[in-house]
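Q: What follows is run_27.cif; its format and atoms are mmCIF, C-alpha atoms.
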data_my_file
loop_
_atom_site.group_PDB
_atom_site.id
_atom_site.type_symbol
_atom_site.label_atom_id
_atom_site.label_comp_id
_atom_site.auth_asym_id
_atom_site.auth_seq_id
_atom_site.Cartn_x
_atom_site.Cartn_y
_atom_site.Cartn_z
ATOM 1 C CA MET A 1 -1.624 -47.073 10.325
ATOM 2 C CA LYS A 2 -2.749 -43.876 11.986
ATOM 3 C CA SER A 3 -1.765 -40.756 10.124
ATOM 4 C CA ILE A 4 0.946 -38.789 11.898
ATOM 5 C CA SER A 5 0.026 -35.126 12.267
ATOM 6 C CA LEU A 6 -0.363 -32.325 14.788
ATOM 7 C CA TYR A 7 -4.136 -32.799 14.786
ATOM 8 C CA VAL A 8 -5.640 -33.278 18.261
ATOM 9 C CA GLU A 9 -8.871 -35.231 18.575
ATOM 10 C CA ARG A 10 -11.330 -33.263 20.697
ATOM 11 C CA ASP A 11 -15.076 -32.813 20.955
ATOM 12 C CA SER A 12 -15.617 -29.111 20.229
ATOM 13 C CA PHE A 13 -17.491 -26.935 17.778
ATOM 14 C CA ILE A 14 -14.152 -25.629 16.456
ATOM 15 C CA HIS A 15 -13.335 -29.134 15.229
ATOM 16 C CA ASP A 16 -16.696 -29.264 13.441
ATOM 17 C CA VAL A 17 -16.057 -26.095 11.429
ATOM 18 C CA ASP A 18 -15.049 -26.868 7.850
ATOM 19 C CA PRO A 19 -11.404 -26.295 6.770
ATOM 20 C CA ILE A 20 -12.299 -23.561 4.271
ATOM 21 C CA THR A 21 -13.788 -21.409 7.028
ATOM 22 C CA LYS A 22 -10.664 -21.914 9.132
ATOM 23 C CA LEU A 23 -8.475 -20.900 6.203
ATOM 24 C CA LEU A 24 -10.591 -17.789 5.759
ATOM 25 C CA TYR A 25 -10.191 -17.052 9.461
ATOM 26 C CA ILE A 26 -6.402 -17.141 9.049
ATOM 27 C CA LEU A 27 -6.716 -14.679 6.176
ATOM 28 C CA PHE A 28 -9.052 -12.550 8.295
ATOM 29 C CA ALA A 29 -6.632 -12.570 11.249
ATOM 30 C CA LEU A 30 -3.773 -11.496 8.968
ATOM 31 C CA ILE A 31 -5.641 -8.773 7.089
ATOM 32 C CA ILE A 32 -7.342 -6.936 9.959
ATOM 33 C CA PRO A 33 -4.098 -5.862 11.743
ATOM 34 C CA ILE A 34 -2.716 -4.705 8.395
ATOM 35 C CA ILE A 35 -5.792 -2.597 7.644
ATOM 36 C CA LEU A 36 -5.935 -1.217 11.193
ATOM 37 C CA PRO A 37 -2.300 -1.214 12.393
ATOM 38 C CA SER A 38 -2.756 -0.555 16.103
ATOM 39 C CA PHE A 39 -1.992 -2.326 19.360
ATOM 40 C CA THR A 40 -5.696 -2.582 20.153
ATOM 41 C CA THR A 41 -6.510 -4.381 16.909
ATOM 42 C CA SER A 42 -3.608 -6.804 17.331
ATOM 43 C CA PHE A 43 -4.565 -7.509 20.948
ATOM 44 C CA ILE A 44 -8.162 -8.216 19.925
ATOM 45 C CA CYS A 45 -7.115 -10.586 17.123
ATOM 46 C CA VAL A 46 -4.716 -12.465 19.411
ATOM 47 C CA GLY A 47 -7.399 -12.620 22.097
ATOM 48 C CA ILE A 48 -9.956 -14.076 19.690
ATOM 49 C CA SER A 49 -7.516 -16.777 18.559
ATOM 50 C CA ILE A 50 -6.606 -17.661 22.144
ATOM 51 C CA VAL A 51 -10.290 -17.937 23.075
ATOM 52 C CA LEU A 52 -10.893 -20.225 20.079
ATOM 53 C CA LEU A 53 -7.935 -22.405 21.067
ATOM 54 C CA ILE A 54 -9.328 -22.672 24.590
ATOM 55 C CA ALA A 55 -12.785 -23.495 23.224
ATOM 56 C CA ALA A 56 -11.205 -26.204 21.055
ATOM 57 C CA LYS A 57 -9.508 -27.660 24.171
ATOM 58 C CA VAL A 58 -6.070 -27.608 22.526
ATOM 59 C CA ILE A 59 -4.470 -24.636 24.272
ATOM 60 C CA ARG A 60 -1.975 -26.875 26.101
ATOM 61 C CA LYS A 61 -0.691 -28.217 22.790
ATOM 62 C CA THR A 62 0.298 -24.684 21.771
ATOM 63 C CA ILE A 63 2.597 -24.115 24.761
ATOM 64 C CA PRO A 64 5.742 -25.651 23.153
ATOM 65 C CA VAL A 65 5.142 -23.679 19.952
ATOM 66 C CA PHE A 66 4.580 -20.374 21.738
ATOM 67 C CA SER A 67 7.585 -21.033 23.984
ATOM 68 C CA PHE A 68 9.858 -21.400 20.961
ATOM 69 C CA VAL A 69 8.316 -18.357 19.241
ATOM 70 C CA PHE A 70 8.707 -16.168 22.327
ATOM 71 C CA LEU A 71 12.290 -17.333 22.745
ATOM 72 C CA VAL A 72 13.018 -16.025 19.243
ATOM 73 C CA LEU A 73 11.021 -12.833 19.819
ATOM 74 C CA ILE A 74 13.058 -11.993 22.929
ATOM 75 C CA THR A 75 16.032 -11.368 20.638
ATOM 76 C CA VAL A 76 13.842 -9.070 18.504
ATOM 77 C CA VAL A 77 12.850 -7.064 21.585
ATOM 78 C CA ILE A 78 16.465 -6.694 22.705
ATOM 79 C CA ILE A 79 17.796 -5.728 19.278
ATOM 80 C CA GLN A 80 15.013 -3.251 18.503
ATOM 81 C CA GLY A 81 15.058 -1.768 21.998
ATOM 82 C CA LEU A 82 18.783 -1.145 21.816
ATOM 83 C CA PHE A 83 19.642 -0.470 18.194
ATOM 84 C CA LYS A 84 16.574 0.757 16.276
ATOM 85 C CA PRO A 85 17.700 3.862 14.303
ATOM 86 C CA GLU A 86 14.643 5.866 15.415
ATOM 87 C CA ASN A 87 15.357 5.346 19.123
ATOM 88 C CA GLU A 88 15.281 8.650 21.038
ATOM 89 C CA THR A 89 13.380 8.256 24.326
ATOM 90 C CA ALA A 90 15.253 6.244 26.957
ATOM 91 C CA LEU A 91 13.024 4.140 29.214
ATOM 92 C CA PHE A 92 15.598 2.626 31.556
ATOM 93 C CA GLN A 93 19.306 1.973 31.760
ATOM 94 C CA ILE A 94 21.281 -0.948 33.146
ATOM 95 C CA GLY A 95 24.903 0.100 33.285
ATOM 96 C CA PRO A 96 25.934 1.103 29.769
ATOM 97 C CA VAL A 97 22.869 -0.602 28.239
ATOM 98 C CA VAL A 98 19.970 1.753 27.428
ATOM 99 C CA MET A 99 16.532 0.516 26.351
ATOM 100 C CA TYR A 100 14.475 2.931 24.258
ATOM 101 C CA LYS A 101 10.729 3.454 24.065
ATOM 102 C CA GLU A 102 10.491 3.560 20.254
ATOM 103 C CA GLY A 103 12.319 0.290 19.787
ATOM 104 C CA LEU A 104 10.332 -1.509 22.478
ATOM 105 C CA LEU A 105 7.003 -0.344 21.048
ATOM 106 C CA TYR A 106 8.053 -1.486 17.583
ATOM 107 C CA ALA A 107 9.194 -4.851 18.994
ATOM 108 C CA LEU A 108 5.890 -5.204 20.842
ATOM 109 C CA MET A 109 3.997 -4.670 17.594
ATOM 110 C CA ILE A 110 6.104 -7.343 15.883
ATOM 111 C CA THR A 111 5.517 -9.697 18.811
ATOM 112 C CA LEU A 112 1.758 -9.232 18.647
ATOM 113 C CA ARG A 113 1.647 -9.783 14.901
ATOM 114 C CA VAL A 114 3.780 -12.914 15.043
ATOM 115 C CA THR A 115 1.693 -14.258 17.935
ATOM 116 C CA ASN A 116 -1.457 -13.492 15.943
ATOM 117 C CA ILE A 117 -0.149 -15.379 12.912
ATOM 118 C CA VAL A 118 1.001 -18.392 14.929
ATOM 119 C CA SER A 119 -2.191 -18.649 17.000
ATOM 120 C CA SER A 120 -4.475 -18.416 13.961
ATOM 121 C CA PHE A 121 -2.489 -21.110 12.152
ATOM 122 C CA MET A 122 -2.544 -23.310 15.246
ATOM 123 C CA ILE A 123 -6.345 -23.262 15.159
ATOM 124 C CA LEU A 124 -6.236 -24.838 11.713
ATOM 125 C CA VAL A 125 -3.374 -27.246 12.376
ATOM 126 C CA LEU A 126 -4.558 -28.583 15.741
ATOM 127 C CA THR A 127 -8.264 -28.902 14.925
ATOM 128 C CA THR A 128 -8.204 -30.077 11.311
ATOM 129 C CA LYS A 129 -7.026 -33.382 9.927
ATOM 130 C CA PRO A 130 -4.590 -32.810 7.050
ATOM 131 C CA SER A 131 -6.514 -35.333 4.958
ATOM 132 C CA ASP A 132 -9.771 -33.411 5.483
ATOM 133 C CA LEU A 133 -8.099 -30.118 4.608
ATOM 134 C CA VAL A 134 -6.545 -31.441 1.414
ATOM 135 C CA GLU A 135 -9.681 -33.305 0.356
ATOM 136 C CA THR A 136 -11.757 -30.150 0.801
ATOM 137 C CA LEU A 137 -9.299 -28.087 -1.248
ATOM 138 C CA VAL A 138 -9.159 -30.725 -3.984
ATOM 139 C CA ARG A 139 -12.962 -30.745 -4.133
ATOM 140 C CA LYS A 140 -12.788 -26.994 -4.666
ATOM 141 C CA GLY A 141 -10.540 -27.468 -7.694
ATOM 142 C CA MET A 142 -7.009 -27.576 -6.321
ATOM 143 C CA SER A 143 -4.534 -29.898 -8.024
ATOM 144 C CA PRO A 144 -4.108 -33.248 -6.193
ATOM 145 C CA ARG A 145 -0.341 -32.822 -6.576
ATOM 146 C CA ILE A 146 -0.432 -29.604 -4.567
ATOM 147 C CA GLY A 147 -2.651 -31.371 -2.068
ATOM 148 C CA TYR A 148 -0.043 -34.081 -1.639
ATOM 149 C CA VAL A 149 2.631 -31.438 -1.016
ATOM 150 C CA ILE A 150 0.458 -29.826 1.677
ATOM 151 C CA VAL A 151 -0.116 -33.160 3.419
ATOM 152 C CA SER A 152 3.616 -33.847 3.335
ATOM 153 C CA VAL A 153 4.395 -30.460 4.907
ATOM 154 C CA PHE A 154 1.909 -31.083 7.711
ATOM 155 C CA GLN A 155 3.317 -34.542 8.409
ATOM 156 C CA ILE A 156 7.061 -34.153 7.980
ATOM 157 C CA ILE A 157 7.849 -32.660 11.416
ATOM 158 C CA PRO A 158 5.663 -35.065 13.460
ATOM 159 C CA GLU A 159 7.015 -37.949 11.374
ATOM 160 C CA MET A 160 10.608 -36.950 12.074
ATOM 161 C CA ILE A 161 9.828 -36.583 15.800
ATOM 162 C CA SER A 162 8.258 -40.044 15.825
ATOM 163 C CA SER A 163 11.262 -41.548 14.011
ATOM 164 C CA MET A 164 13.658 -39.836 16.398
ATOM 165 C CA GLY A 165 11.759 -41.226 19.394
ATOM 166 C CA THR A 166 11.905 -44.740 17.936
ATOM 167 C CA ILE A 167 15.652 -44.498 17.300
ATOM 168 C CA MET A 168 16.265 -43.078 20.789
ATOM 169 C CA ASP A 169 14.364 -45.998 22.355
ATOM 170 C CA ALA A 170 16.429 -48.442 20.308
ATOM 171 C CA GLN A 171 19.652 -46.740 21.393
ATOM 172 C CA ARG A 172 18.616 -46.878 25.056
ATOM 173 C CA ALA A 173 17.861 -50.586 24.681
ATOM 174 C CA ARG A 174 21.449 -51.047 23.458
ATOM 175 C CA GLY A 175 22.829 -49.269 26.518
ATOM 176 C CA MET A 176 23.519 -45.833 25.021
ATOM 177 C CA GLU A 177 23.353 -42.935 27.486
ATOM 178 C CA THR A 178 20.732 -40.459 26.233
ATOM 179 C CA GLU A 179 19.836 -38.615 29.437
ATOM 180 C CA GLY A 180 21.880 -36.352 31.645
ATOM 181 C CA ASN A 181 23.516 -32.944 31.211
ATOM 182 C CA LEU A 182 23.478 -30.890 28.030
ATOM 183 C CA PHE A 183 26.705 -32.387 26.719
ATOM 184 C CA VAL A 184 25.400 -35.955 27.075
ATOM 185 C CA ARG A 185 22.088 -35.113 25.393
ATOM 186 C CA THR A 186 23.853 -33.318 22.535
ATOM 187 C CA LYS A 187 26.258 -36.215 22.069
ATOM 188 C CA ALA A 188 23.297 -38.605 21.819
ATOM 189 C CA PHE A 189 21.218 -36.306 19.619
ATOM 190 C CA LEU A 190 23.671 -35.375 16.857
ATOM 191 C CA PRO A 191 24.178 -38.928 15.495
ATOM 192 C CA LEU A 192 20.402 -39.235 15.090
ATOM 193 C CA LEU A 193 20.126 -36.451 12.517
ATOM 194 C CA GLY A 194 21.536 -38.505 9.660
ATOM 195 C CA PRO A 195 19.245 -41.541 10.056
ATOM 196 C CA VAL A 196 16.180 -39.371 10.654
ATOM 197 C CA ILE A 197 16.714 -37.202 7.561
ATOM 198 C CA LEU A 198 17.659 -40.207 5.413
ATOM 199 C CA GLY A 199 14.618 -42.107 6.675
ATOM 200 C CA SER A 200 12.339 -39.182 5.808
ATOM 201 C CA LEU A 201 13.711 -39.071 2.256
ATOM 202 C CA ILE A 202 13.237 -42.824 1.855
ATOM 203 C CA ASN A 203 9.661 -42.614 3.185
ATOM 204 C CA THR A 204 8.909 -39.800 0.744
ATOM 205 C CA LYS A 205 10.207 -41.843 -2.183
ATOM 206 C CA GLU A 206 8.261 -44.953 -1.140
ATOM 207 C CA ARG A 207 5.085 -42.917 -0.674
ATOM 208 C CA ALA A 208 5.458 -41.365 -4.129
ATOM 209 C CA MET A 209 5.930 -44.825 -5.696
ATOM 210 C CA ALA A 210 2.872 -46.147 -3.863
ATOM 211 C CA LEU A 211 0.765 -43.242 -5.119
ATOM 212 C CA GLU A 212 1.991 -43.757 -8.684
ATOM 213 C CA VAL A 213 1.068 -47.458 -8.568
ATOM 214 C CA ARG A 214 -2.430 -46.482 -7.417
ATOM 215 C CA GLY A 215 -2.948 -44.159 -10.386
ATOM 216 C CA PHE A 216 -2.301 -40.842 -8.658
ATOM 217 C CA ASN A 217 -1.354 -39.164 -11.952
ATOM 218 C CA SER A 218 -4.286 -40.606 -13.848
ATOM 219 C CA SER A 219 -6.339 -38.067 -15.812
ATOM 220 C CA ALA A 220 -9.582 -39.908 -15.063
ATOM 221 C CA PRO A 221 -12.110 -38.116 -12.809
ATOM 222 C CA LYS A 222 -11.308 -38.633 -9.144
ATOM 223 C CA THR A 223 -13.752 -40.137 -6.657
ATOM 224 C CA TYR A 224 -13.797 -39.691 -2.887
ATOM 225 C CA LEU A 225 -14.092 -42.278 -0.166
ATOM 226 C CA ASN A 226 -15.858 -39.991 2.321
ATOM 227 C CA GLU A 227 -18.798 -37.655 1.897
ATOM 228 C CA GLU A 228 -18.038 -33.932 1.942
ATOM 229 C CA LYS A 229 -18.305 -32.515 5.449
ATOM 230 C CA THR A 230 -20.286 -29.322 5.931
ATOM 231 C CA TYR A 231 -20.872 -27.052 8.906
ATOM 232 C CA ASN A 232 -24.299 -25.473 9.237
ATOM 233 C CA HIS A 233 -23.048 -22.051 10.331
ATOM 234 C CA SER A 234 -20.125 -21.718 7.908
ATOM 235 C CA ARG A 235 -21.832 -19.143 5.704
ATOM 236 C CA VAL A 236 -22.775 -17.071 8.751
ATOM 237 C CA ILE A 237 -19.198 -17.106 10.077
ATOM 238 C CA GLN A 238 -17.759 -16.252 6.665
ATOM 239 C CA SER A 239 -20.270 -13.439 6.197
ATOM 240 C CA VAL A 240 -19.407 -11.957 9.600
ATOM 241 C CA MET A 241 -15.687 -12.019 8.804
ATOM 242 C CA LEU A 242 -16.301 -10.390 5.427
ATOM 243 C CA LEU A 243 -18.465 -7.714 7.051
ATOM 244 C CA LEU A 244 -15.759 -6.978 9.626
ATOM 245 C CA VAL A 245 -13.147 -6.624 6.884
ATOM 246 C CA VAL A 246 -15.406 -4.212 4.981
ATOM 247 C CA CYS A 247 -16.001 -2.212 8.180
ATOM 248 C CA ALA A 248 -12.243 -2.095 8.848
ATOM 249 C CA VAL A 249 -11.530 -0.829 5.320
ATOM 250 C CA THR A 250 -14.290 1.771 5.627
ATOM 251 C CA TRP A 251 -12.945 2.911 8.992
ATOM 252 C CA ARG A 252 -9.417 3.214 7.593
ATOM 253 C CA ILE A 253 -10.596 5.274 4.607
ATOM 254 C CA PHE A 254 -13.061 7.641 6.225
ATOM 255 C CA VAL A 255 -11.918 7.968 9.836
#
I need this file expressed as structure tokens, please.
A:
Amino acid sequence: MKSISLYVERDSFIHDVDPITKLLYILFALIIPIILPSFTTSFICVGISIVLLIAAKVIRKTIPVFSFVFLVLITVVIIQGLFKPENETALFQIGPVVMYKEGLLYALMITLRVTNIVSSFMILVLTTKPSDLVETLVRKGMSPRIGYVIVSVFQIIPEMISSMGTIMDAQRARGMETEGNLFVRTKAFLPLLGPVILGSLINTKERAMALEVRGFNSSAPKTYLNEEKTYNHSRVIQSVMLLLVVCAVTWRIFV
């Protein structure tokens, strides 16, 4: 059975990069805006991640994620623009509602940082198989138990979506109305939560039992089915990121 994950099969050099380098890129994308807290730095980091997502041919897969994130961030913009304690400079007014410059700038910074975090993580999630990621980390010395937890986290949401789709198809086959206005959709959706959550718990238990039967907790040295994947330019990419971090720290200290 094909593993359920957010991974998207594409032919791109981003997919060929090893998981460790992608993890280091996430760390790089998080650290640089902290060292150099400016709009320019955040814009550049977000731009780099977007370009990498386009190069990996997975940018369309990020649209639902970014749509949800921006929907949440709209509330941040409104709250900060209206109620931030440091608000002084009014930008515009709609009736009794006044939006302030300080709050909007602060909300924009939060928006850029959240977008930067999400986009950098999406590069890893959409272009790396969870099994490859975990196997690489285990080869580097990580506990297989932690690896199993990571795989489970990557798979739980897609697995629940798949189960929900299967149940919805079964309900339609039995004549249940699942399409229409918001009330009809909500009425059809709420009864699915119980079976989906219960099914996920049962699957987790069965998977744990299967792993135990196969000697998952054995103290004997582990072997690997596949050869370790390497990317020829990984050291160059990692060195460039390290150099940029050093330059950013130097700039922050001396400039």
Q: One decimal, in Å: what's the spacing between atom CA of A:Pro195 and atom CA of A:Arg214?
A: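 Separation between atom CA of A:Pro195 and atom CA of A:Arg214: 28.3 Å.
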Q: Ranking A:Glu228, A:Glu135, A:Asp169, A:Glu206 by minimum distance to A:Leu192 and counting all atoms listed in the file, which one comes first?
A: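 Ranking A:Glu228, A:Glu135, A:Asp169, A:Glu206 by distance to A:Leu192, first place goes to A:Asp169.
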Q: Taking (18.4, -1.9, 24.0) in the file's own coordinates, collect the residues within 9 Å, counting all atoms listed in the file, and hand them back as an MDAnalysis selection string.
A: chainID A and resid 77:84 93 97:100 103:104
Q: With only C-alpha atoms as the basis for distance, which of A:Ala210, A:Leu23, A:Leu105, A:Val46 is at the shortest distance from A:Gln238?
A: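 The closest residue to A:Gln238 is A:Leu23.
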Q: So that I can check the surroundings of A:Leu73, please list as a list in words every protein, DNA and RNA residue that reaches within 9 Å of it, counting all atoms listed in the file and ignoring chain neighbours fewer than 3 positions away.
A: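 Returned residues: Phe68, Val69, Phe70, Val76, Val77, Ile78, Ala107, Ile110, Thr111 and Val114 of chain A.
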Q: Separation of atom CA of A:Ile156 and atom CA of A:Thr204, in Å?
A: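 Computed distance, atom CA of A:Ile156 to atom CA of A:Thr204, equals 9.4 Å.
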Q: Written as a PyMOL selection string, which residues does the PyMOL selection byres ((chain A and resi 227) around 12) give for the file shown?
A: chain A and resi 132+135-136+139+223-226+228-230
Q: Could you give me, as a list in words, the residues within 12 Å of A:Ser239, counting all atoms listed in the file and dropping anything in the same chain fewer than 6 positions from it?
A: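 Neighbouring residues, sequence-local ones excluded: Thr21, Leu24, Tyr25, Phe28, His233, Val245 and Val246 of chain A.
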Q: Kindly indicate which residue among A:Ile20, A:Leu6, A:Ala56, A:Met168 lies nearest to A:Val125, using all atoms listed in the file for the distances.
A: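 Using all atoms listed in the file, A:Val125 sits closest to A:Leu6.
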Q: In Å to one decimal, how far is atom CA of A:Ile123 from atom CA of A:Pro64?
A: 14.7 Å
Q: Find the residues near A:Met176: any atom within 12 Å, counting all atoms listed in the file, skip ones fewer than 5 places away on the same chain, and give them as a PyMOL selection string.
A: chain A and resi 167-171+184-185+187-189+191
Q: Nearest to A:Pro158 among A:Ile146, A:Val196, A:Ile54, A:Leu190, with distances taken over only C-alpha atoms: which residue is it?
A: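 Smallest separation from A:Pro158 among the options: A:Val196.
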Q: Considering only C-alpha atoms, can you say which of A:His15, A:Val8, A:Ile31, A:Ile150 comes closest to A:Ala248?
A: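 Smallest separation from A:Ala248 among the options: A:Ile31.
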Q: Can you work out which one of A:Ile44, A:Val255, A:Leu242, A:Val138 has the shortest atom-to-atom distance to A:Thr115, counting only C-alpha atoms?
A: A:Ile44
Q: Which protein, DNA or RNA residues have an atom at most 8 Å from (14.1, -32.4, 12.8), counting only C-alpha atoms? List them as a CSV table (one decimal) with C-alpha atoms, in the coordinates of the input.
A:
chain,number,residue,atom,x,y,z
A,157,ILE,CA,7.8,-32.7,11.4
A,160,MET,CA,10.6,-37.0,12.1
A,161,ILE,CA,9.8,-36.6,15.8
A,193,LEU,CA,20.1,-36.5,12.5
A,196,VAL,CA,16.2,-39.4,10.7
A,197,ILE,CA,16.7,-37.2,7.6
Q: Near A:Ile59, within 10 Å and counting only C-alpha atoms, which residues show up once chain neighbours fewer than 6 positions away are dropped, as a list in words?
A: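 Contacts, in chain order: Ile50, Val51, Leu52, Leu53, Ser119, Met122, Ile123 and Leu126 of chain A.
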Q: For the file shown, report as an mmCIF file with C-alpha atoms, in the coordinates of the input the outcome of the PyMOL selection byres ((chain A and resi 145) around 12) at residue level.
A:
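expr-v2.cif, written as the output of this step:
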data_model
loop_
_atom_site.group_PDB
_atom_site.id
_atom_site.type_symbol
_atom_site.label_atom_id
_atom_site.label_comp_id
_atom_site.auth_asym_id
_atom_site.auth_seq_id
_atom_site.Cartn_x
_atom_site.Cartn_y
_atom_site.Cartn_z
ATOM 1 C CA VAL A 134 -6.545 -31.441 1.414
ATOM 2 C CA GLU A 135 -9.681 -33.305 0.356
ATOM 3 C CA LEU A 137 -9.299 -28.087 -1.248
ATOM 4 C CA VAL A 138 -9.159 -30.725 -3.984
ATOM 5 C CA GLY A 141 -10.540 -27.468 -7.694
ATOM 6 C CA MET A 142 -7.009 -27.576 -6.321
ATOM 7 C CA SER A 143 -4.534 -29.898 -8.024
ATOM 8 C CA PRO A 144 -4.108 -33.248 -6.193
ATOM 9 C CA ILE A 146 -0.432 -29.604 -4.567
ATOM 10 C CA GLY A 147 -2.651 -31.371 -2.068
ATOM 11 C CA TYR A 148 -0.043 -34.081 -1.639
ATOM 12 C CA VAL A 149 2.631 -31.438 -1.016
ATOM 13 C CA ILE A 150 0.458 -29.826 1.677
ATOM 14 C CA VAL A 151 -0.116 -33.160 3.419
ATOM 15 C CA SER A 152 3.616 -33.847 3.335
ATOM 16 C CA ALA A 208 5.458 -41.365 -4.129
ATOM 17 C CA LEU A 211 0.765 -43.242 -5.119
ATOM 18 C CA GLU A 212 1.991 -43.757 -8.684
ATOM 19 C CA PHE A 216 -2.301 -40.842 -8.658
ATOM 20 C CA ASN A 217 -1.354 -39.164 -11.952
ATOM 21 C CA SER A 218 -4.286 -40.606 -13.848
#
Q: Could I get stretch 62-73 of chain A rebuilt with N, CA, C and O atoms, written as a PDB file, in the frame of the given file?
A:
ATOM      1  N   THR A  62      -0.369 -25.840  22.378  1.00  0.00           N
ATOM      2  CA  THR A  62       0.298 -24.684  21.771  1.00  0.00           C
ATOM      3  C   THR A  62       1.464 -24.181  22.615  1.00  0.00           C
ATOM      4  O   THR A  62       2.252 -23.366  22.137  1.00  0.00           O
ATOM      5  N   ILE A  63       1.568 -24.645  23.863  1.00  0.00           N
ATOM      6  CA  ILE A  63       2.597 -24.115  24.761  1.00  0.00           C
ATOM      7  C   ILE A  63       4.014 -24.317  24.209  1.00  0.00           C
ATOM      8  O   ILE A  63       4.816 -23.368  24.203  1.00  0.00           O
ATOM      9  N   PRO A  64       4.380 -25.512  23.711  1.00  0.00           N
ATOM     10  CA  PRO A  64       5.742 -25.651  23.153  1.00  0.00           C
ATOM     11  C   PRO A  64       5.989 -24.728  21.966  1.00  0.00           C
ATOM     12  O   PRO A  64       7.090 -24.176  21.833  1.00  0.00           O
ATOM     13  N   VAL A  65       4.982 -24.548  21.124  1.00  0.00           N
ATOM     14  CA  VAL A  65       5.142 -23.679  19.952  1.00  0.00           C
ATOM     15  C   VAL A  65       5.330 -22.233  20.375  1.00  0.00           C
ATOM     16  O   VAL A  65       6.257 -21.542  19.924  1.00  0.00           O
ATOM     17  N   PHE A  66       4.465 -21.758  21.276  1.00  0.00           N
ATOM     18  CA  PHE A  66       4.580 -20.374  21.738  1.00  0.00           C
ATOM     19  C   PHE A  66       5.876 -20.158  22.514  1.00  0.00           C
ATOM     20  O   PHE A  66       6.478 -19.075  22.440  1.00  0.00           O
ATOM     21  N   SER A  67       6.331 -21.167  23.242  1.00  0.00           N
ATOM     22  CA  SER A  67       7.585 -21.033  23.984  1.00  0.00           C
ATOM     23  C   SER A  67       8.750 -20.808  23.030  1.00  0.00           C
ATOM     24  O   SER A  67       9.607 -19.941  23.266  1.00  0.00           O
ATOM     25  N   PHE A  68       8.785 -21.576  21.956  1.00  0.00           N
ATOM     26  CA  PHE A  68       9.858 -21.400  20.961  1.00  0.00           C
ATOM     27  C   PHE A  68       9.749 -20.037  20.276  1.00  0.00           C
ATOM     28  O   PHE A  68      10.756 -19.343  20.094  1.00  0.00           O
ATOM     29  N   VAL A  69       8.519 -19.648  19.917  1.00  0.00           N
ATOM     30  CA  VAL A  69       8.316 -18.357  19.241  1.00  0.00           C
ATOM     31  C   VAL A  69       8.746 -17.212  20.143  1.00  0.00           C
ATOM     32  O   VAL A  69       9.452 -16.276  19.708  1.00  0.00           O
ATOM     33  N   PHE A  70       8.355 -17.247  21.407  1.00  0.00           N
ATOM     34  CA  PHE A  70       8.707 -16.168  22.327  1.00  0.00           C
ATOM     35  C   PHE A  70      10.210 -16.135  22.594  1.00  0.00           C
ATOM     36  O   PHE A  70      10.783 -15.059  22.805  1.00  0.00           O
ATOM     37  N   LEU A  71      10.838 -17.296  22.576  1.00  0.00           N
ATOM     38  CA  LEU A  71      12.290 -17.333  22.745  1.00  0.00           C
ATOM     39  C   LEU A  71      12.977 -16.583  21.614  1.00  0.00           C
ATOM     40  O   LEU A  71      13.950 -15.852  21.832  1.00  0.00           O
ATOM     41  N   VAL A  72      12.470 -16.750  20.391  1.00  0.00           N
ATOM     42  CA  VAL A  72      13.018 -16.025  19.243  1.00  0.00           C
ATOM     43  C   VAL A  72      12.677 -14.541  19.336  1.00  0.00           C
ATOM     44  O   VAL A  72      13.511 -13.666  19.045  1.00  0.00           O
ATOM     45  N   LEU A  73      11.461 -14.231  19.769  1.00  0.00           N
ATOM     46  CA  LEU A  73      11.021 -12.833  19.819  1.00  0.00           C
ATOM     47  C   LEU A  73      11.758 -12.031  20.887  1.00  0.00           C
ATOM     48  O   LEU A  73      11.847 -10.802  20.781  1.00  0.00           O
TER      49      LEU A  73
END
